[in-house]
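upload.csv, holding CSV, C-alpha atoms and all ligand atoms:
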chain,number,residue,atom,x,y,z
A,845,MET,CA,-9.8,7.2,-38.2
A,846,MET,CA,-11.7,4.1,-37.1
A,847,LYS,CA,-15.5,4.2,-37.6
A,848,THR,CA,-16.4,2.3,-34.5
A,849,GLU,CA,-15.3,2.5,-30.9
A,850,LYS,CA,-13.1,-0.5,-30.4
A,851,ILE,CA,-11.7,0.0,-26.9
A,852,ALA,CA,-13.1,-2.5,-24.4
A,853,THR,CA,-15.3,-1.1,-21.6
A,854,ARG,CA,-12.9,-2.8,-19.2
A,855,ALA,CA,-10.4,-0.1,-20.1
A,856,THR,CA,-12.6,2.8,-20.6
A,857,VAL,CA,-14.2,2.6,-17.2
A,858,LEU,CA,-10.9,2.8,-15.5
A,859,PRO,CA,-9.8,6.0,-13.8
A,860,ASN,CA,-6.9,7.8,-15.6
A,861,TRP,CA,-4.6,8.6,-12.6
A,862,ARG,CA,-2.0,10.1,-14.9
A,863,GLU,CA,-4.4,12.8,-16.2
A,864,GLU,CA,-6.4,13.2,-13.0
A,865,VAL,CA,-3.5,13.2,-10.4
A,866,HIS,CA,0.0,12.8,-11.6
A,867,ALA,CA,0.1,15.2,-14.6
A,868,PRO,CA,-1.4,18.1,-12.7
A,869,LEU,CA,1.1,17.6,-9.9
A,870,ALA,CA,4.0,17.2,-12.4
A,871,ASN,CA,2.9,20.4,-14.1
A,872,ALA,CA,2.8,22.3,-10.8
A,873,ALA,CA,6.4,21.0,-10.1
A,874,LEU,CA,7.8,22.3,-13.4
A,875,GLY,CA,10.8,24.4,-12.9
A,876,LEU,CA,11.0,23.8,-9.2
A,877,THR,CA,14.2,22.7,-7.5
A,878,ASP,CA,14.9,21.7,-3.9
A,879,VAL,CA,11.5,19.9,-3.5
A,880,LEU,CA,11.3,17.9,-0.2
A,881,LEU,CA,9.8,14.4,0.0
A,882,THR,CA,9.0,12.1,-2.9
A,883,GLY,CA,5.2,12.3,-2.9
A,884,GLY,CA,4.9,8.6,-3.8
A,885,GLY,CA,5.4,5.8,-1.4
A,886,GLU,CA,9.0,4.9,-1.8
A,887,TRP,CA,12.3,5.2,0.0
A,888,SER,CA,14.5,8.1,-1.0
A,889,THR,CA,17.4,7.3,-3.3
A,890,GLU,CA,19.6,9.0,-0.7
A,891,ILE,CA,19.3,5.8,1.4
A,892,PRO,CA,22.3,3.6,0.2
A,893,MET,CA,21.6,0.2,-1.3
A,894,PRO,CA,23.3,-2.5,0.8
A,895,GLU,CA,26.2,-4.1,-0.8
A,896,HIS,CA,24.9,-7.7,-0.6
A,897,LEU,CA,21.8,-6.7,-2.6
A,898,ILE,CA,23.9,-4.9,-5.3
A,899,GLU,CA,26.1,-8.1,-5.4
A,900,ALA,CA,23.0,-10.3,-5.8
A,901,ALA,CA,21.8,-8.1,-8.7
A,902,CYS,CA,25.2,-8.1,-10.4
A,903,GLN,CA,25.6,-11.9,-10.1
A,904,ALA,CA,22.1,-12.5,-11.5
A,905,VAL,CA,22.7,-10.2,-14.5
A,906,ARG,CA,26.0,-11.9,-15.3
A,907,GLY,CA,24.3,-15.4,-15.2
A,908,ARG,CA,21.9,-14.7,-18.2
A,909,PRO,CA,18.6,-14.6,-16.3
A,910,GLN,CA,16.0,-17.1,-17.4
A,911,TYR,CA,12.2,-17.6,-17.1
A,912,THR,CA,11.4,-19.1,-13.7
A,913,SER,CA,8.4,-21.1,-12.8
A,914,GLU,CA,5.2,-19.1,-12.7
A,915,TYR,CA,5.2,-19.6,-9.0
A,916,GLY,CA,8.7,-18.0,-8.8
A,917,LEU,CA,12.2,-19.3,-7.9
A,918,SER,CA,11.8,-22.3,-5.6
A,919,GLU,CA,14.5,-20.9,-3.2
A,920,LEU,CA,12.6,-17.7,-3.0
A,921,GLN,CA,9.3,-19.5,-2.3
A,922,ALA,CA,11.0,-21.4,0.4
A,923,ALA,CA,12.5,-18.2,2.0
A,924,ILE,CA,9.1,-16.5,1.9
A,925,ALA,CA,7.4,-19.6,3.5
A,926,ARG,CA,10.1,-19.5,6.3
A,927,LYS,CA,9.6,-15.8,6.8
A,928,LEU,CA,5.8,-16.3,7.1
A,929,ALA,CA,6.2,-19.1,9.6
A,930,ASP,CA,8.9,-17.2,11.7
A,931,GLU,CA,7.5,-13.7,11.7
A,932,ASN,CA,3.8,-14.0,11.0
A,933,GLY,CA,2.9,-17.4,12.5
A,934,ILE,CA,1.5,-18.7,9.2
A,935,THR,CA,2.3,-22.1,7.9
A,936,VAL,CA,2.2,-22.5,4.1
A,937,ASN,CA,3.5,-25.1,1.7
A,938,PRO,CA,6.4,-23.2,-0.1
A,939,THR,CA,5.7,-24.9,-3.5
A,940,THR,CA,2.0,-24.7,-3.8
A,941,GLU,CA,0.9,-21.9,-1.5
A,942,VAL,CA,3.4,-19.1,-2.3
A,943,LEU,CA,3.3,-17.3,-5.6
A,944,VAL,CA,5.9,-14.6,-6.5
A,945,THR,CA,4.6,-11.7,-8.6
A,946,ASN,CA,5.8,-8.4,-10.2
A,947,GLY,CA,5.2,-6.3,-7.1
A,948,ALA,CA,2.3,-6.5,-4.7
A,949,THR,CA,0.4,-4.6,-7.4
A,950,GLU,CA,0.4,-7.6,-9.7
A,951,ALA,CA,-0.4,-9.9,-6.8
A,952,ILE,CA,-3.6,-7.8,-6.2
A,953,SER,CA,-4.5,-7.8,-9.9
A,954,CYS,CA,-4.1,-11.5,-10.2
A,955,CYS,CA,-6.1,-12.2,-7.0
A,956,MET,CA,-8.9,-9.9,-8.3
A,957,LEU,CA,-8.9,-11.5,-11.8
A,958,ALA,CA,-9.0,-14.9,-10.3
A,959,LEU,CA,-11.7,-14.2,-7.7
A,960,VAL,CA,-14.0,-11.3,-8.8
A,961,GLU,CA,-16.9,-11.8,-11.2
A,962,PRO,CA,-19.2,-9.1,-12.6
A,963,GLY,CA,-21.5,-7.9,-9.8
A,964,ASP,CA,-19.4,-9.2,-7.0
A,965,GLU,CA,-19.0,-6.7,-4.1
A,966,ILE,CA,-15.7,-6.0,-2.5
A,967,ILE,CA,-15.5,-4.2,0.9
A,968,VAL,CA,-12.7,-1.7,1.5
A,969,GLY,CA,-12.1,0.9,4.1
A,970,ASP,CA,-12.4,4.6,3.1
A,971,PRO,CA,-9.9,6.3,2.8
A,972,TYR,CA,-8.0,3.5,1.1
A,973,TYR,CA,-5.4,2.7,-1.5
A,974,MET,CA,-7.8,3.6,-4.3
A,975,ALA,CA,-5.1,3.9,-7.0
A,976,ILE,CA,-4.8,0.1,-7.3
A,977,TYR,CA,-7.9,-1.4,-5.6
A,978,LYS,CA,-10.4,0.6,-7.6
A,979,PRO,CA,-9.2,-0.1,-11.1
A,980,ASN,CA,-8.7,-3.8,-10.3
A,981,ALA,CA,-12.2,-4.1,-9.0
A,982,LEU,CA,-13.7,-2.2,-12.0
A,983,MET,CA,-11.7,-4.2,-14.6
A,984,ASN,CA,-13.5,-7.3,-13.4
A,985,GLY,CA,-17.0,-5.8,-13.2
A,986,GLY,CA,-16.7,-5.8,-9.4
A,987,HIS,CA,-18.3,-3.1,-7.1
A,988,LEU,CA,-16.3,-1.6,-4.4
A,989,VAL,CA,-18.3,-1.0,-1.3
A,990,THR,CA,-16.5,1.6,0.9
A,991,VAL,CA,-16.9,1.6,4.7
A,992,GLU,CA,-16.0,4.9,6.2
A,993,ASN,CA,-13.2,4.8,8.8
A,994,ASP,CA,-13.3,7.7,11.3
A,995,ARG,CA,-10.4,9.9,12.1
A,996,GLU,CA,-11.4,9.8,15.8
A,997,ALA,CA,-11.0,6.0,15.7
A,998,HIS,CA,-7.5,6.3,14.1
A,999,PHE,CA,-9.2,5.3,10.8
A,1000,ARG,CA,-9.4,1.7,12.0
A,1001,PHE,CA,-12.2,-0.6,10.6
A,1002,ASP,CA,-15.3,-0.8,12.7
A,1003,PRO,CA,-16.4,-4.5,12.3
A,1004,GLU,CA,-20.1,-3.5,12.9
A,1005,ARG,CA,-19.9,-1.1,9.8
A,1006,VAL,CA,-18.4,-3.9,7.8
A,1007,ARG,CA,-21.2,-6.3,8.9
A,1008,ALA,CA,-23.8,-3.7,7.9
A,1009,ALA,CA,-22.2,-3.3,4.4
A,1010,ILE,CA,-22.4,-7.0,3.6
A,1011,THR,CA,-25.0,-8.2,1.0
A,1012,PRO,CA,-25.5,-11.6,-0.7
A,1013,ARG,CA,-23.1,-10.3,-3.4
A,1014,THR,CA,-20.2,-9.6,-1.1
A,1015,LYS,CA,-17.2,-11.8,-1.9
A,1016,LEU,CA,-14.1,-10.1,-0.7
A,1017,LEU,CA,-13.0,-8.1,2.3
A,1018,VAL,CA,-9.9,-6.1,1.7
A,1019,LEU,CA,-7.8,-5.4,4.8
A,1020,THR,CA,-4.7,-3.2,4.5
A,1021,SER,CA,-3.0,-3.1,7.8
A,1022,PRO,CA,-0.9,-1.0,8.4
A,1023,ASP,CA,-2.9,1.1,5.9
A,1024,ASN,CA,-2.0,3.5,3.1
A,1025,PRO,CA,-2.8,6.4,3.5
A,1026,THR,CA,-4.0,6.5,7.1
A,1027,GLY,CA,-1.5,4.2,8.8
A,1028,ALA,CA,-4.3,2.4,10.7
A,1029,CYS,CA,-3.0,-0.8,12.1
A,1030,LEU,CA,-5.7,-3.3,13.1
A,1031,PRO,CA,-5.4,-4.6,16.7
A,1032,ARG,CA,-5.9,-8.4,17.2
A,1033,GLU,CA,-9.3,-7.9,18.8
A,1034,THR,CA,-10.6,-6.1,15.7
A,1035,LEU,CA,-9.1,-8.7,13.4
A,1036,GLN,CA,-10.8,-11.4,15.5
A,1037,GLU,CA,-14.1,-9.7,15.2
A,1038,LEU,CA,-13.6,-9.2,11.4
A,1039,ALA,CA,-12.7,-12.9,11.2
A,1040,ARG,CA,-16.1,-13.8,12.8
A,1041,VAL,CA,-17.8,-11.6,10.2
A,1042,ALA,CA,-15.9,-13.2,7.3
A,1043,GLU,CA,-16.8,-16.6,8.6
A,1044,GLU,CA,-20.5,-15.9,9.1
A,1045,HIS,CA,-20.7,-14.6,5.6
A,1046,ASP,CA,-18.2,-16.9,3.9
A,1047,LEU,CA,-16.0,-14.1,2.6
A,1048,ILE,CA,-12.5,-14.3,1.3
A,1049,VAL,CA,-10.1,-11.9,3.0
A,1050,LEU,CA,-7.4,-10.1,1.0
A,1051,SER,CA,-4.9,-9.1,3.6
A,1052,ASP,CA,-2.5,-6.5,2.3
A,1053,GLU,CA,0.5,-6.5,4.7
A,1054,ILE,CA,3.0,-4.6,2.7
A,1055,TYR,CA,3.7,-2.1,5.5
A,1056,GLU,CA,4.0,-4.7,8.3
A,1057,LYS,CA,7.4,-3.6,9.4
A,1058,PHE,CA,6.4,0.0,10.0
A,1059,VAL,CA,4.5,0.2,13.3
A,1060,TYR,CA,4.7,3.0,15.9
A,1061,ASP,CA,3.6,3.8,19.5
A,1062,GLY,CA,3.6,0.2,20.7
A,1063,ASN,CA,1.3,-1.1,18.0
A,1064,SER,CA,2.1,-4.4,16.5
A,1065,HIS,CA,1.3,-6.1,13.2
A,1066,VAL,CA,-0.9,-9.2,13.3
A,1067,SER,CA,-1.6,-11.2,10.2
A,1068,MET,CA,-5.2,-12.1,9.7
A,1069,ALA,CA,-4.1,-15.5,8.3
A,1070,SER,CA,-2.5,-16.4,11.6
A,1071,LEU,CA,-5.8,-16.2,13.5
A,1072,PRO,CA,-7.6,-19.5,14.3
A,1073,GLY,CA,-9.8,-20.6,11.4
A,1074,CYS,CA,-8.6,-17.8,9.1
A,1075,ARG,CA,-5.8,-19.4,7.1
A,1076,ASP,CA,-8.1,-21.1,4.6
A,1077,ARG,CA,-10.1,-18.0,3.7
A,1078,THR,CA,-7.2,-15.5,3.7
A,1079,VAL,CA,-4.9,-14.5,0.9
A,1080,VAL,CA,-1.9,-12.6,2.2
A,1081,ILE,CA,-0.4,-9.9,-0.1
A,1082,ASN,CA,3.1,-8.7,0.6
A,1083,GLY,CA,6.3,-7.7,-1.1
A,1084,PHE,CA,9.7,-6.2,-1.0
A,1085,SER,CA,9.0,-2.6,-2.0
A,1086,LYS,CA,8.5,-1.2,1.4
A,1087,THR,CA,10.3,-3.5,3.9
A,1088,TYR,CA,13.5,-3.5,1.9
A,1089,GLY,CA,13.1,-0.3,-0.2
A,1090,LEU,CA,13.1,-2.4,-3.4
A,1091,THR,CA,10.2,-0.6,-5.2
A,1092,GLY,CA,11.9,-0.5,-8.6
A,1093,TYR,CA,12.7,-4.2,-8.5
A,1094,ARG,CA,9.0,-5.1,-8.5
A,1095,VAL,CA,8.8,-8.2,-6.4
A,1096,GLY,CA,5.7,-9.1,-4.4
A,1097,TYR,CA,3.9,-12.3,-3.4
A,1098,VAL,CA,0.6,-14.0,-2.7
A,1099,ALA,CA,0.4,-16.6,0.1
A,1100,GLY,CA,-2.8,-18.5,0.7
A,1101,PRO,CA,-4.6,-21.8,0.6
A,1102,ARG,CA,-3.5,-24.1,-2.2
A,1103,SER,CA,-7.0,-24.2,-3.9
A,1104,LEU,CA,-7.0,-20.4,-4.4
A,1105,VAL,CA,-3.3,-20.0,-5.1
A,1106,ARG,CA,-3.5,-22.6,-7.9
A,1107,GLU,CA,-6.1,-20.5,-9.7
A,1108,ILE,CA,-4.3,-17.2,-9.1
A,1109,ALA,CA,-1.1,-18.8,-10.5
A,1110,LYS,CA,-2.9,-19.6,-13.8
A,1111,VAL,CA,-3.9,-15.9,-14.1
A,1112,ARG,CA,-0.4,-14.9,-13.1
A,1113,SER,CA,1.1,-17.1,-15.8
A,1114,ALA,CA,-1.2,-15.7,-18.4
A,1115,ILE,CA,-0.2,-12.1,-17.6
A,1116,SER,CA,3.6,-12.2,-17.6
A,1117,LEU,CA,4.7,-15.8,-17.2
A,1118,CYS,CA,6.8,-15.1,-14.1
A,1119,ALA,CA,8.5,-12.3,-12.2
A,1120,ASN,CA,12.0,-11.4,-13.6
A,1121,GLU,CA,14.8,-13.5,-12.3
A,1122,VAL,CA,17.2,-10.7,-11.4
A,1123,SER,CA,14.7,-9.1,-9.1
A,1124,GLN,CA,13.8,-12.5,-7.6
A,1125,ARG,CA,17.5,-13.1,-6.8
A,1126,VAL,CA,17.7,-9.7,-5.1
A,1127,ALA,CA,14.6,-10.4,-3.1
A,1128,LEU,CA,16.1,-13.8,-2.0
A,1129,ALA,CA,19.3,-12.0,-0.9
A,1130,ALA,CA,17.2,-9.5,1.0
A,1131,LEU,CA,15.4,-12.3,2.9
A,1132,ASP,CA,18.3,-14.6,3.4
A,1133,GLY,CA,20.9,-11.9,4.1
A,1134,PRO,CA,21.6,-9.8,7.2
A,1135,GLN,CA,18.6,-7.9,8.6
A,1136,ASP,CA,20.6,-5.6,10.9
A,1137,TRP,CA,20.7,-2.7,8.4
A,1138,LEU,CA,16.9,-2.3,8.6
A,1139,PRO,CA,16.1,-1.3,12.3
A,1140,PRO,CA,18.1,2.0,12.0
A,1141,ILE,CA,16.0,2.9,9.0
A,1142,ILE,CA,12.8,2.0,10.7
A,1143,ASP,CA,13.8,4.0,13.7
A,1144,ALA,CA,14.6,7.0,11.5
A,1145,TYR,CA,11.1,6.6,10.0
A,1146,ALA,CA,9.6,6.6,13.6
A,1147,GLU,CA,11.6,9.7,14.5
A,1148,ALA,CA,10.6,11.6,11.4
A,1149,ARG,CA,7.0,10.5,11.8
A,1150,ASN,CA,7.0,12.0,15.4
A,1151,ILE,CA,8.5,15.3,14.1
A,1152,LEU,CA,5.9,15.6,11.4
A,1153,VAL,CA,3.0,14.6,13.7
A,1154,GLU,CA,4.1,17.1,16.3
A,1155,GLY,CA,5.2,19.9,14.0
A,1156,LEU,CA,2.3,19.7,11.4
A,1157,GLY,CA,-0.2,19.2,14.3
A,1158,ALA,CA,0.9,22.5,15.9
A,1159,ILE,CA,0.0,24.5,12.8
A,1160,VAL,CA,-3.3,26.2,13.1
A,1161,GLY,CA,-5.9,24.6,11.0
A,1162,VAL,CA,-4.1,21.3,10.6
A,1163,ASP,CA,-5.6,18.3,12.3
A,1164,ILE,CA,-3.5,15.2,12.5
A,1165,THR,CA,-4.1,11.8,13.8
A,1166,PRO,CA,-0.8,10.1,14.7
A,1167,PRO,CA,-0.5,7.1,12.3
A,1168,ASP,CA,-0.3,3.7,13.9
A,1169,GLY,CA,2.0,2.5,11.2
A,1170,ALA,CA,3.1,2.7,7.5
A,1171,ILE,CA,5.2,5.4,6.0
A,1172,TYR,CA,2.8,8.4,5.7
A,1173,VAL,CA,1.2,11.1,7.7
A,1174,PHE,CA,-2.3,12.1,6.6
A,1175,PRO,CA,-3.4,15.4,8.2
A,1176,HIS,CA,-6.7,17.1,7.6
A,1177,MET,CA,-6.2,20.6,6.1
A,1178,GLY,CA,-9.7,21.2,4.9
A,1179,SER,CA,-10.2,24.3,7.1
A,1180,TYR,CA,-8.2,26.4,4.5
A,1181,GLY,CA,-11.0,26.0,2.0
A,1182,LEU,CA,-9.0,24.5,-0.8
A,1183,SER,CA,-9.7,21.1,-2.3
A,1184,SER,CA,-7.1,18.5,-1.5
A,1185,MET,CA,-5.7,18.8,-5.0
A,1186,GLU,CA,-5.5,22.5,-4.8
A,1187,MET,CA,-3.7,22.2,-1.4
A,1188,SER,CA,-1.2,19.6,-2.8
A,1189,LYS,CA,-0.4,22.0,-5.7
A,1190,TYR,CA,-0.2,25.0,-3.3
A,1191,LEU,CA,2.3,23.1,-1.0
A,1192,LEU,CA,4.3,22.1,-4.0
A,1193,ARG,CA,4.6,25.6,-5.4
A,1194,ARG,CA,4.7,27.6,-2.2
A,1195,ALA,CA,6.5,25.2,0.2
A,1196,ARG,CA,8.3,23.0,-2.3
A,1197,VAL,CA,7.0,19.9,-0.5
A,1198,ALA,CA,5.6,17.0,-2.6
A,1199,THR,CA,2.4,15.4,-1.3
A,1200,ARG,CA,-0.6,13.5,-2.7
A,1201,PRO,CA,-4.1,14.9,-2.4
A,1202,GLY,CA,-6.5,13.0,-0.1
A,1203,SER,CA,-9.1,12.7,-2.9
A,1204,TYR,CA,-6.7,10.2,-4.5
A,1205,PHE,CA,-7.6,7.9,-1.6
A,1206,GLY,CA,-11.3,7.7,-1.8
A,1207,PRO,CA,-14.3,9.9,-1.2
A,1208,SER,CA,-13.5,10.3,2.5
A,1209,GLY,CA,-10.0,11.5,1.7
A,1210,GLU,CA,-11.1,14.9,0.5
A,1211,GLY,CA,-9.8,17.6,2.9
A,1212,TYR,CA,-6.7,15.5,3.7
A,1213,VAL,CA,-3.2,15.6,2.2
A,1214,ARG,CA,-0.8,12.6,2.4
A,1215,PHE,CA,2.9,13.2,3.2
A,1216,ASN,CA,5.3,10.4,2.5
A,1217,ILE,CA,7.7,10.3,5.5
A,1218,ALA,CA,11.4,10.6,4.6
A,1219,PRO,CA,13.4,8.8,7.3
A,1220,ASN,CA,15.5,11.9,8.1
A,1221,ALA,CA,14.9,14.2,11.0
A,1222,GLU,CA,16.3,17.2,9.3
A,1223,THR,CA,14.1,16.8,6.3
A,1224,ALA,CA,11.0,16.3,8.5
A,1225,ARG,CA,11.9,19.6,10.4
A,1226,ALA,CA,12.3,21.4,7.1
A,1227,VAL,CA,8.9,20.1,5.9
A,1228,VAL,CA,7.2,21.4,9.0
A,1229,GLU,CA,8.9,24.8,8.7
A,1230,ARG,CA,8.0,25.2,5.0
A,1231,VAL,CA,4.4,24.0,5.4
A,1232,GLY,CA,3.9,26.2,8.4
A,1233,GLU,CA,5.2,29.3,6.5
A,1234,ALA,CA,3.1,28.5,3.4
A,1235,LEU,CA,-0.1,27.9,5.4
A,1236,SER,CA,0.4,31.1,7.4
A,1237,GLU,CA,-0.2,33.0,4.2
A,1238,LEU,CA,-3.5,31.3,3.6
A,1239,LYS,CA,-6.7,32.4,5.2
A,1240,ARG,CA,-8.7,29.7,7.0
A,1241,THR,CA,-12.3,29.6,5.9
A,1242,GLY,CA,-13.8,26.7,7.9
A,1243,HIS,CA,-13.3,24.4,10.8
A,1244,THR,CA,-11.4,21.2,11.1
B,1301,LIG,C1,-1.3,-0.8,0.4
B,1301,LIG,C2,-0.4,-1.1,-0.8
B,1301,LIG,N1,-0.4,-2.2,-1.4
B,1301,LIG,C3,0.3,-2.5,-2.4
B,1301,LIG,C4,1.2,-1.6,-2.9
B,1301,LIG,C5,2.0,-1.9,-4.2
B,1301,LIG,O1,3.3,-2.3,-3.9
B,1301,LIG,P1,4.3,-2.9,-5.0
B,1301,LIG,O2,5.4,-1.8,-5.1
B,1301,LIG,O3,4.9,-4.1,-4.3
B,1301,LIG,O4,3.6,-3.2,-6.2
B,1301,LIG,C6,1.3,-0.3,-2.3
B,1301,LIG,C7,2.2,0.7,-2.9
B,1301,LIG,O5,2.3,1.8,-2.5
B,1301,LIG,C8,0.5,0.0,-1.2
B,1301,LIG,O6,0.5,1.1,-0.6
Could you write out this structure as structure tokens?
Ligand SMILES: Cc1ncc(COP(=O)(O)O)c(C=O)c1O
Amino acid sequence: MMKTEKIATRATVLPNWREEVHAPLANAALGLTDVLLTGGGEWSTEIPMPEHLIEAACQAVRGRPQYTSEYGLSELQAAIARKLADENGITVNPTTEVLVTNGATEAISCCMLALVEPGDEIIVGDPYYMAIYKPNALMNGGHLVTVENDREAHFRFDPERVRAAITPRTKLLVLTSPDNPTGACLPRETLQELARVAEEHDLIVLSDEIYEKFVYDGNSHVSMASLPGCRDRTVVINGFSKTYGLTGYRVGYVAGPRSLVREIAKVRSAISLCANEVSQRVALAALDGPQDWLPPIIDAYAEARNILVEGLGAIVGVDITPPDGAIYVFPHMGSYGLSSMEMSKYLLRRARVATRPGSYFGPSGEGYVRFNIAPNAETARAVVERVGEALSELKRTGHT
């Protein structure tokens, strides 16, 4: 037994999501079969992998994969730069302004490591993707300043609230649009207003656009970096986990002004040298290959999202805001008097539906439960039916 505590504060201050969230849910799932939905934000393994991606992976494996540049394979950097120009209206230098990472998660970590100093404040919406943003802020001694986003406003940022949260220590504004868990998709006018705030206070904007392809009800994704004057203060985070269902391949990227990307690349190199070559080859095949297999999947997400919104919304005591985008629905179920963790466990045991408790997504998430949409109408109907039955056995104790 060591006599002194040797673990760095950097680690001890971090939340332990395994013990706080994942293990209790895994324990509640013990012995259960026929559980619907994955809980986590990934495509179901029932969706077949396209042949051209399997082929790219096999070829890469046979070729004895190597280290790549810390910025990533140059062909992949070029393909990402083309995609950003064609789809997002952002012009970047492929060699110096695109950095490939192990998932968007590593992109976020590298950005925070390169940009956040002890005492710096980082503004995020609440609810938000706390699982990654919180530990990465804490690891660097940063303070997260949460700005509450109202259900009535579709959980979209209110630029005036952001303005009010700014202090001389504010360095970063994190925008996740479409958002996890709320689905909020920021309209152009809101982004323009936020751009003015960022300029007035000289903030760097971290724009997490990983759900860009999933937008519903006529909403459209606009990248902050494409707005006039924003490119040089915006770091775009994106990846292949959601758009192409390549979660396990772990490929993401950072795109931004050269002066920032250069520093972020140094951190990225220190952490793991480079993203693995096999996964980068698959990502390249995804971008360069046919795209026509994607719209049917996105349409199936939209159909299942509608079924869940309508079906769960019709259950007494469930209050649901139709998500603008992303791959989740986030109903409020607080009127049943259970904590969101208790509700997640109850739905697992009683309805055999996997969810995540709203408390996992920030202080304002309590009372909510996040359902990961499966792009399958039959599954969505079964979820509604099972949740409806399970809730009918619970007594409501409050108001939504
Ligand atoms: C908003 C957001 N950003 C980033 C990520 C991380 O994605 P990746 O699998 O590319 O690390 C997720 C994953 O769920 C997410 O929801």
For this session: Would you list the residues that come within 10 Å of ligand LIG 1301 (chain B)? Count all atoms listed in the file and give the answer as a PyMOL selection string.
Result: chain A and resi 884-886+945-952+972-977+1019-1025+1027+1051-1055+1081-1087+1089-1097+1170-1172
Exercise. How far is it from CA of Ile1217 (chain A) to CA of His1065 (chain A), in Å with one decimal?
Worked result: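 Computing the Euclidean distance for CA of Ile1217 (chain A) and CA of His1065 (chain A) yields 19.2 Å.
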Problem set entry | Nearest to Met956 (chain A), chosen from A:Val1228, A:Leu1182, A:Leu1017, A:Met846, with all atoms listed in the file counted in the distances |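 Checking each candidate against Met956 (chain A), we get A:Leu1017 as the closest.
Comparing A:Lys1110, A:Asp1002, A:Glu1229, A:His987 by their smallest distance to Pro962 (chain A), the closest is A:His987 (using all atoms listed in the file).
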Exercise. If you measure from CA of Ala1130 (chain A) to CA of Tyr1088 (chain A), what distance in Å do you get, rounded to one decimal?
Worked result: 7.1 Å
Problem set entry | Selection: 9 Å around region 988-1000 of chain A, all atoms listed in the file, excl. self and same-chain fewer than 6 positions, as JSON, numbers by chain | {"A": [964, 965, 966, 967, 968, 969, 970, 971, 972, 977, 978, 981, 982, 1006, 1009, 1010, 1014, 1023, 1026, 1027, 1028, 1029, 1030, 1031, 1034, 1164, 1165, 1166, 1167, 1168, 1206, 1207, 1208]}
For this session: Go through A:Pro979, A:Gly1073, A:Gly963, A:Gly985 and flag the residue nearest Pro1012 (chain A), using only C-alpha atoms for the distances.
Result: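 Of all the options, A:Gly963 lies closest to Pro1012 (chain A).
Those residues that approach Glu1147 (chain A) to within 10 Å, counting all atoms listed in the file, are Tyr1060, Ile1141, Ile1142, Asp1143, Ala1144, Tyr1145, Arg1149, Asn1150, Ile1151, Leu1152, Val1153, Ile1217, Ala1218, Pro1219, Asn1220, Ala1221 and Ala1224 of chain A; same-chain residues fewer than 2 positions away are not listed.
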For this session: Mind giving me the straight-line distance from CA of Tyr1180 (chain A) to CA of Val879 (chain A) in Å, one decimal?
Result: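 Distance between the two atoms: 22.2 Å.
Restricting the calculation to all atoms listed in the file, the smallest distance between His866 (chain A) and any of A:Gly1232, A:Gly1209, A:Pro1201, A:Pro1134 is found for A:Pro1201.
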For this session: Determine, counting only C-alpha atoms, which protein, DNA and RNA residues have an atom within 8 Å of an atom of Val1122 (chain A); residues of the same chain fewer than 3 positions away are not included. Present the result as a PyMOL selection string.
Result: chain A and resi 901+904-905+909+1125-1126
Writer output for current selection, C-alpha atoms, as a PDB file, keeping the file's coordinate frame:
ATOM      1  CA  ALA A 901      21.800  -8.100  -8.700  1.00  0.00           C
ATOM      2  CA  ALA A 904      22.100 -12.500 -11.500  1.00  0.00           C
ATOM      3  CA  VAL A 905      22.700 -10.200 -14.500  1.00  0.00           C
ATOM      4  CA  PRO A 909      18.600 -14.600 -16.300  1.00  0.00           C
ATOM      5  CA  ARG A1125      17.500 -13.100  -6.800  1.00  0.00           C
ATOM      6  CA  VAL A1126      17.700  -9.700  -5.100  1.00  0.00           C
TER       7      VAL A1126
END
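Distances here use all atoms listed in the file; by that measure, the residue among A:Lys850, A:Trp861, A:Glu895, A:Pro868 closest to Phe1205 (chain A) is A:Trp861.
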Problem set entry | Among listed residues A:Val1041, A:Cys1118, A:Val1227, A:Ile1108, nearest Phe1215 (chain A) (using only C-alpha atoms) |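 Nearest to Phe1215 (chain A): A:Val1227.
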For this session: Tell me, as a PyMOL selection string, which residues lie within 12 Å of Leu920 (chain A), counting only C-alpha atoms; anything in the same chain fewer than 2 positions away does not count.
Result: chain A and resi 912-913+915-918+922-927+938-939+942-945+1083+1095-1097+1119+1121-1132
For this session: Write out as a VMD selection string which residues come within 9 Å of Ala873 (chain A) when counting all atoms listed in the file, dropping same-chain ones fewer than 4 positions away.
Result: chain A and resid 868 to 869 877 879 1189 1192 to 1193 1196 1198
For the point (0.1, 27.4, 2.0) in the file's frame, write as a JSON list (two decimals) with C-alpha atoms, in the coordinates of the input all residues with an atom no more than 8 Å away, counting all atoms listed in the file.
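See point34.json below for the written result:
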[["chain", "number", "residue", "atom", "x", "y", "z"],
["A", 1187, "MET", "CA", -3.70, 22.20, -1.40],
["A", 1190, "TYR", "CA", -0.20, 25.00, -3.30],
["A", 1191, "LEU", "CA", 2.30, 23.10, -1.00],
["A", 1194, "ARG", "CA", 4.70, 27.60, -2.20],
["A", 1195, "ALA", "CA", 6.50, 25.20, 0.20],
["A", 1231, "VAL", "CA", 4.40, 24.00, 5.40],
["A", 1232, "GLY", "CA", 3.90, 26.20, 8.40],
["A", 1233, "GLU", "CA", 5.20, 29.30, 6.50],
["A", 1234, "ALA", "CA", 3.10, 28.50, 3.40],
["A", 1235, "LEU", "CA", -0.10, 27.90, 5.40],
["A", 1236, "SER", "CA", 0.40, 31.10, 7.40],
["A", 1237, "GLU", "CA", -0.20, 33.00, 4.20],
["A", 1238, "LEU", "CA", -3.50, 31.30, 3.60]]
